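Enquirer: Contents of protein28.pdb (PDB, C-alpha atoms):
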ATOM      1  CA  THR A   4       1.687 -13.887  -8.476
ATOM      2  CA  ILE A   5       1.484 -10.121  -8.988
ATOM      3  CA  SER A   6       4.529  -8.426  -7.530
ATOM      4  CA  ASP A   7       6.456  -5.148  -7.359
ATOM      5  CA  VAL A   8       3.721  -2.853  -8.636
ATOM      6  CA  THR A   9       5.106   0.660  -8.990
ATOM      7  CA  LEU A  10       2.274   2.221 -10.986
ATOM      8  CA  GLY A  11       0.489   5.317  -9.698
ATOM      9  CA  ARG A  12      -2.486   3.018  -9.128
ATOM     10  CA  GLY A  13      -2.309  -0.743  -9.044
ATOM     11  CA  PHE A  14      -5.740  -1.572 -10.540
ATOM     12  CA  ALA A  15      -8.764   0.549 -11.437
ATOM     13  CA  VAL A  16     -11.971  -1.442 -11.914
ATOM     14  CA  TYR A  17     -14.989   0.432 -13.289
ATOM     15  CA  MET A  18     -17.907   0.519 -15.778
ATOM     16  CA  ASP A  19     -19.508  -2.864 -14.951
ATOM     17  CA  SER A  20     -16.143  -4.622 -14.764
ATOM     18  CA  SER A  21     -14.823  -7.256 -12.379
ATOM     19  CA  LEU A  22     -11.385  -8.164 -11.059
ATOM     20  CA  VAL A  23     -10.332 -11.382  -9.333
ATOM     21  CA  LEU A  24      -6.964 -11.378  -7.554
ATOM     22  CA  ARG A  25      -5.533 -14.612  -6.221
ATOM     23  CA  ASN A  26      -2.264 -15.297  -4.424
ATOM     24  CA  GLY A  27      -0.681 -11.961  -5.256
ATOM     25  CA  THR A  28       1.817  -9.526  -3.769
ATOM     26  CA  LEU A  29       1.645  -5.776  -4.354
ATOM     27  CA  THR A  30       4.512  -3.602  -3.136
ATOM     28  CA  SER A  31       5.687  -0.008  -3.576
ATOM     29  CA  VAL A  32       2.120   1.153  -4.258
ATOM     30  CA  HIS A  33       2.088   4.955  -4.415
ATOM     31  CA  GLN A  34      -1.673   5.556  -4.684
ATOM     32  CA  ASN A  35      -4.566   3.064  -4.678
ATOM     33  CA  ALA A  36      -3.601  -0.567  -4.991
ATOM     34  CA  VAL A  37      -7.200  -1.421  -5.931
ATOM     35  CA  TYR A  38      -9.815   1.201  -6.845
ATOM     36  CA  VAL A  39     -13.349   0.012  -7.634
ATOM     37  CA  PHE A  40     -16.279   2.159  -8.805
ATOM     38  CA  SER A  41     -19.187   2.470 -11.266
ATOM     39  CA  HIS A  42     -21.113  -0.769 -10.641
ATOM     40  CA  SER A  43     -18.059  -3.018 -10.567
ATOM     41  CA  MET A  44     -16.696  -5.849  -8.408
ATOM     42  CA  VAL A  45     -13.414  -6.994  -6.913
ATOM     43  CA  ASP A  46     -12.766 -10.403  -5.355
ATOM     44  CA  MET A  47      -9.407 -10.720  -3.565
ATOM     45  CA  ASP A  48      -7.994 -13.785  -1.845
ATOM     46  CA  LEU A  49      -4.483 -14.412  -0.511
ATOM     47  CA  VAL A  50      -3.184 -10.974  -1.445
ATOM     48  CA  ASP A  51      -0.387  -9.202   0.443
ATOM     49  CA  ILE A  52      -0.102  -5.414   0.058
ATOM     50  CA  ASN A  53       2.800  -3.636   1.708
ATOM     51  CA  ILE A  54       3.528   0.093   1.484
ATOM     52  CA  THR A  55       7.305   0.228   1.386
ATOM     53  CA  ASP A  56       7.735   4.017   1.556
ATOM     54  CA  ARG A  57       5.412   5.878   3.954
ATOM     55  CA  SER A  58       6.996   9.206   2.981
ATOM     56  CA  VAL A  59       5.404   9.026  -0.487
ATOM     57  CA  ARG A  60       1.863  10.461  -0.629
ATOM     58  CA  HIS A  61      -0.724   7.822  -1.420
ATOM     59  CA  TYR A  62      -4.443   7.260  -1.047
ATOM     60  CA  ASP A  63      -6.443   4.524   0.697
ATOM     61  CA  VAL A  64      -5.003   1.181  -0.329
ATOM     62  CA  ILE A  65      -8.243  -0.609  -1.305
ATOM     63  CA  THR A  66     -11.176   1.685  -2.109
ATOM     64  CA  VAL A  67     -14.730   0.847  -3.178
ATOM     65  CA  TYR A  68     -17.137   3.556  -4.328
ATOM     66  CA  ASN A  69     -20.893   3.855  -4.753
ATOM     67  CA  ASP A  70     -22.785   0.879  -6.260
ATOM     68  CA  SER A  71     -19.819  -1.509  -6.304
ATOM     69  CA  TYR A  72     -18.952  -4.674  -4.378
ATOM     70  CA  ALA A  73     -15.815  -5.993  -2.694
ATOM     71  CA  THR A  74     -14.989  -9.401  -1.243
ATOM     72  CA  THR A  75     -11.684  -9.431   0.623
ATOM     73  CA  THR A  76     -10.467 -12.673   2.192
ATOM     74  CA  ARG A  77      -7.020 -13.521   3.541
ATOM     75  CA  VAL A  78      -5.711 -10.092   2.549
ATOM     76  CA  THR A  79      -2.878  -8.321   4.388
ATOM     77  CA  VAL A  80      -2.336  -4.556   4.199
ATOM     78  CA  ASN A  81       0.585  -2.937   6.033
ATOM     79  CA  ASN A  82       2.078   0.533   6.545
ATOM     80  CA  SER A  83      -0.442   2.872   4.912
ATOM     81  CA  ILE A  84      -0.534   6.507   6.041
ATOM     82  CA  GLU A  85      -4.218   6.425   5.041
ATOM     83  CA  ALA A  86      -6.768   3.581   5.252
ATOM     84  CA  ALA A  87      -6.013  -0.047   4.499
ATOM     85  CA  PHE A  88      -9.595  -0.427   3.235
ATOM     86  CA  SER A  89     -12.240   2.227   2.579
ATOM     87  CA  ALA A  90     -15.741   2.351   1.140
ATOM     88  CA  TYR A  91     -17.739   5.442   0.221
ATOM     89  CA  GLY A  92     -21.305   5.842  -0.999
ATOM     90  CA  LYS A  93     -23.249   8.800  -2.299
ATOM     91  CA  GLU A  94     -26.975   9.436  -2.521
ATOM     92  CA  GLY A  95     -28.085   9.000  -6.113
ATOM     93  CA  LEU A  96     -24.992   6.997  -7.074
ATOM     94  CA  GLY A  97     -25.428   4.008  -4.773
ATOM     95  CA  TYR A  98     -23.839   2.441  -1.734
ATOM     96  CA  PRO A  99     -21.035  -0.134  -1.762
ATOM     97  CA  THR A 100     -21.392  -3.614  -0.276
ATOM     98  CA  VAL A 101     -18.363  -5.061   1.518
ATOM     99  CA  TYR A 102     -17.332  -8.444   2.879
ATOM    100  CA  ILE A 103     -13.971  -8.775   4.674
ATOM    101  CA  ALA A 104     -12.830 -12.038   6.261
ATOM    102  CA  SER A 105      -9.654 -13.616   7.640
ATOM    103  CA  SER A 106      -7.618 -10.510   6.819
ATOM    104  CA  THR A 107      -4.922  -8.531   8.640
ATOM    105  CA  PHE A 108      -4.507  -4.753   8.615
ATOM    106  CA  SER A 109      -1.516  -3.466  10.595
ATOM    107  CA  ASN A 110       0.352  -0.205  11.053
ATOM    108  CA  ASN A 111      -2.157   1.814   9.013
ATOM    109  CA  THR A 112      -3.603   5.164  10.067
ATOM    110  CA  TYR A 113      -7.083   3.653   9.597
ATOM    111  CA  GLY A 114      -7.756  -0.057   9.393
ATOM    112  CA  VAL A 115     -11.179   0.387   7.777
ATOM    113  CA  TYR A 116     -12.941   3.665   6.901
ATOM    114  CA  LEU A 117     -16.631   3.539   5.965
ATOM    115  CA  TYR A 118     -18.857   6.388   4.804
ATOM    116  CA  LEU A 119     -22.476   6.010   3.704
ATOM    117  CA  THR A 120     -22.142   2.389   2.628
ATOM    118  CA  GLY A 121     -24.501  -0.486   2.092
ATOM    119  CA  PRO A 122     -24.107  -3.621   4.237
ATOM    120  CA  VAL A 123     -20.588  -4.223   5.575
ATOM    121  CA  HIS A 124     -19.653  -7.541   7.196
ATOM    122  CA  ILE A 125     -16.218  -8.054   8.776
ATOM    123  CA  GLU A 126     -15.302 -11.353  10.416
ATOM    124  CA  SER A 127     -12.211 -13.174  11.650
ATOM    125  CA  THR A 128     -10.058 -10.138  10.873
ATOM    126  CA  GLU A 129      -7.177  -8.640  12.861
ATOM    127  CA  ILE A 130      -6.539  -4.880  13.008
ATOM    128  CA  PHE A 131      -3.672  -3.560  15.145
ATOM    129  CA  ASN A 132      -0.886  -1.003  15.565
ATOM    130  CA  GLY A 133      -2.746   1.892  13.938
ATOM    131  CA  GLN A 134      -4.351   5.146  15.012
ATOM    132  CA  TYR A 135      -7.944   4.018  14.376
ATOM    133  CA  GLY A 136      -9.231   0.490  13.919
ATOM    134  CA  ILE A 137     -12.557   1.160  12.200
ATOM    135  CA  ILE A 138     -14.437   4.402  11.556
ATOM    136  CA  SER A 139     -18.048   3.849  10.545
ATOM    137  CA  GLU A 140     -20.106   6.818   9.432
ATOM    138  CA  GLN A 141     -23.720   6.155   8.397
ATOM    139  CA  SER A 142     -22.820   2.561   7.540
ATOM    140  CA  PRO A 143     -24.604  -0.673   8.608
ATOM    141  CA  LEU A 144     -21.596  -2.520  10.013
ATOM    142  CA  VAL A 145     -21.414  -6.009  11.523
ATOM    143  CA  LEU A 146     -18.068  -6.921  13.125
ATOM    144  CA  VAL A 147     -17.663 -10.390  14.634
ATOM    145  CA  ASN A 148     -14.953 -12.822  15.796
ATOM    146  CA  SER A 149     -12.271 -10.242  15.091
ATOM    147  CA  SER A 150      -9.510  -8.466  16.994
ATOM    148  CA  ILE A 151      -8.831  -4.730  17.241
ATOM    149  CA  SER A 152      -5.975  -3.750  19.538
ATOM    150  CA  SER A 153      -3.002  -1.434  20.043
ATOM    151  CA  THR A 154      -4.714   1.579  18.475
ATOM    152  CA  THR A 155      -3.569   5.024  19.630
ATOM    153  CA  GLN A 156      -7.061   6.488  19.104
ATOM    154  CA  LYS A 157     -10.421   4.688  18.953
ATOM    155  CA  ALA A 158     -10.587   1.027  17.989
ATOM    156  CA  LEU A 159     -14.144   1.481  16.713
ATOM    157  CA  TRP A 160     -15.749   4.869  16.194
ATOM    158  CA  ASN A 161     -19.408   4.957  15.206
ATOM    159  CA  PHE A 162     -19.532   8.455  13.801
ATOM    160  CA  VAL A 163     -23.302   8.785  13.428
ATOM    161  CA  LEU A 164     -24.684  11.680  15.406
ATOM    162  CA  SER A 165     -27.327  14.245  14.598
ATOM    163  CA  ARG A 166     -26.593  17.939  14.995
ATOM    164  CA  ASP A 167     -27.947  17.875  18.538
ATOM    165  CA  GLY A 168     -25.756  14.897  19.452
ATOM    166  CA  GLU A 169     -28.442  12.202  19.252
ATOM    167  CA  LEU A 170     -27.193   8.780  18.161
ATOM    168  CA  LEU A 171     -28.855   7.786  14.883
ATOM    169  CA  SER A 172     -27.747   4.151  14.570
ATOM    170  CA  GLU A 173     -25.736   1.459  16.328
ATOM    171  CA  VAL A 174     -23.134  -0.919  14.915
ATOM    172  CA  SER A 175     -23.019  -4.579  15.863
ATOM    173  CA  ALA A 176     -19.631  -5.567  17.302
ATOM    174  CA  GLU A 177     -20.320  -8.580  19.514
ATOM    175  CA  ASN A 178     -17.839 -11.387  20.177
ATOM    176  CA  ASN A 179     -14.636  -9.520  19.379
ATOM    177  CA  TRP A 180     -11.268  -9.176  21.127
ATOM    178  CA  TRP A 181     -10.308  -5.646  22.191
ATOM    179  CA  GLY A 182      -6.818  -6.288  23.527
ATOM    180  CA  ASP A 183      -7.765  -7.203  27.108
ATOM    181  CA  ALA A 184     -10.004  -9.770  28.798
ATOM    182  CA  THR A 185     -11.885  -6.942  30.564
ATOM    183  CA  GLY A 186     -13.225  -5.731  27.222
ATOM    184  CA  PRO A 187     -13.028  -2.394  25.428
ATOM    185  CA  GLN A 188     -12.756   0.966  27.150
ATOM    186  CA  HIS A 189     -16.001   2.923  27.399
ATOM    187  CA  SER A 190     -16.605   5.492  30.114
ATOM    188  CA  THR A 191     -20.163   4.414  30.937
ATOM    189  CA  LEU A 192     -20.878   1.048  29.323
ATOM    190  CA  ASN A 193     -17.656  -0.643  30.493
ATOM    191  CA  SER A 194     -15.807   1.617  32.903
ATOM    192  CA  GLY A 195     -13.498  -1.227  33.975
ATOM    193  CA  GLY A 196     -12.453  -2.114  30.444
ATOM    194  CA  LEU A 197      -8.705  -2.026  29.819
ATOM    195  CA  GLY A 198      -8.841  -2.842  26.123
ATOM    196  CA  ALA A 199      -8.981  -0.525  23.135
ATOM    197  CA  LEU A 200     -11.296   2.503  23.179
ATOM    198  CA  VAL A 201     -14.750   2.447  21.544
ATOM    199  CA  SER A 202     -17.260   5.239  20.955
ATOM    200  CA  ASP A 203     -20.941   5.474  21.751
ATOM    201  CA  GLY A 204     -23.278   3.518  19.511
ATOM    202  CA  VAL A 205     -21.279   0.279  19.565
ATOM    203  CA  ASP A 206     -22.907  -2.968  20.715
ATOM    204  CA  PHE A 207     -19.778  -4.733  21.999
ATOM    205  CA  GLU A 208     -21.290  -7.151  24.555
ATOM    206  CA  PRO A 209     -20.464  -9.957  24.862
ATOM    207  CA  TRP A 210     -16.773  -9.673  23.990
ATOM    208  CA  LEU A 211     -14.097 -12.332  23.633
ATOM    209  CA  THR A 212     -11.846 -12.839  26.660
ATOM    210  CA  ASP A 213      -9.021 -14.429  24.624
ATOM    211  CA  ASP A 214      -7.320 -13.287  21.474
ATOM    212  CA  PRO A 215      -8.563 -15.588  18.667
ATOM    213  CA  PHE A 216      -5.331 -14.935  16.738
ATOM    214  CA  ASN A 217      -3.001 -16.241  19.447
ATOM    215  CA  ASP A 218      -1.468 -19.534  18.394
TER     216      ASP A 218
END
Now, as a test, write the supplied structure out as structure tokens.
Expert:
Amino acid sequence: TISDVTLGRGFAVYMDSSLVLRNGTLTSVHQNAVYVFSHSMVDMDLVDINITDRSVRHYDVITVYNDSYATTTRVTVNNSIEAAFSAYGKEGLGYPTVYIASSTFSNNTYGVYLYLTGPVHIESTEIFNGQYGIISEQSPLVLVNSSISSTTQKALWNFVLSRDGELLSEVSAENNWWGDATGPQHSTLNSGGLGALVSDGVDFEPWLTDDPFND
């Protein structure tokens, strides 16, 4: 068990390195709990990360850059004033690959923030009580069998528009729970939806009519 981390960063993984975290607890993290870059890999399972002091400036809790890879299963991240999980790519330096499953992100400004990534697959994951659930910008995202609810802004924002407003790509978000049996809110594609708000460029049909995380 890894507990009570008070370092400026919990773990930095880089230069063809790998990190496996199992059954750990990280608390009082002031910057990144896990920071992965330069062709490296992190594999996390049964890890609980809780930001105990939101007044202290910190960065995204788990961050993956460029040509690196992250597998995140049964991970909980709470109380970040930034993103619980983020991934960023850059032309010439590569694009991160991400797999998130059976995880819970709550009370974070962003549940997941994606920019110019490689493939991202999120399944059986619960995101709630934040401002934004997922922001996906130029990222091939698949979201399935998950729940995004109680967000004050958009639950899923596909931020991929050309300068003239043309949608460049669509994210796959079928078979998810959006906080209400009527589905997510969208002004034209689901005007009767009472669930969380989604942007254009989101394939959300069909949606789940029951919360898969209700006992």
Enquirer: What gap, in Å, lies between CA of Ser175 (chain A) and CA of Asn111 (chain A)?
Expert: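 One can read the CA of Ser175 (chain A) to CA of Asn111 (chain A) distance as 22.9 Å.
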Enquirer: Given the file shown, determine the residues that the PyMOL selection byres ((chain A and resi 65) around 6) selects; report them as a list in words.
Expert: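 Checking the PyMOL selection byres ((chain A and resi 65) around 6) against this file, the residues are Ala36, Val37, Asp63, Val64, Thr66 and Phe88 of chain A.
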Enquirer: Okay, now the selection with C-alpha atoms, as a short mmCIF file (atom, residue, chain, number, x, y, z; two decimals), in the frame of the given file?
Expert:
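Output file result_20.cif follows:
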data_model
loop_
_atom_site.label_atom_id
_atom_site.label_comp_id
_atom_site.auth_asym_id
_atom_site.auth_seq_id
_atom_site.Cartn_x
_atom_site.Cartn_y
_atom_site.Cartn_z
CA ALA A 36 -3.60 -0.57 -4.99
CA VAL A 37 -7.20 -1.42 -5.93
CA ASP A 63 -6.44 4.52 0.70
CA VAL A 64 -5.00 1.18 -0.33
CA THR A 66 -11.18 1.68 -2.11
CA PHE A 88 -9.60 -0.43 3.24
#
Enquirer: Identify which of the residues A:Tyr98, A:Phe108, A:Tyr38, A:Tyr113 lies closest to Ser149 (chain A), counting all atoms listed in the file when measuring atom-to-atom distances.
Expert: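 Between A:Tyr98, A:Phe108, A:Tyr38, A:Tyr113, the residue approaching Ser149 (chain A) most closely is A:Phe108.
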Enquirer: Between CA of Asp46 (chain A) and CA of Ser105 (chain A), what distance in Å does the model show, to one decimal?
Expert: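 Those two atoms sit 13.7 Å apart.
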Enquirer: Specify as a VMD selection string each residue included when the PyMOL selection byres ((chain A and resi 210) around 12) is applied to this file.
Expert: chain A and resid 146 to 151 175 to 188 193 196 198 205 to 209 211 to 215
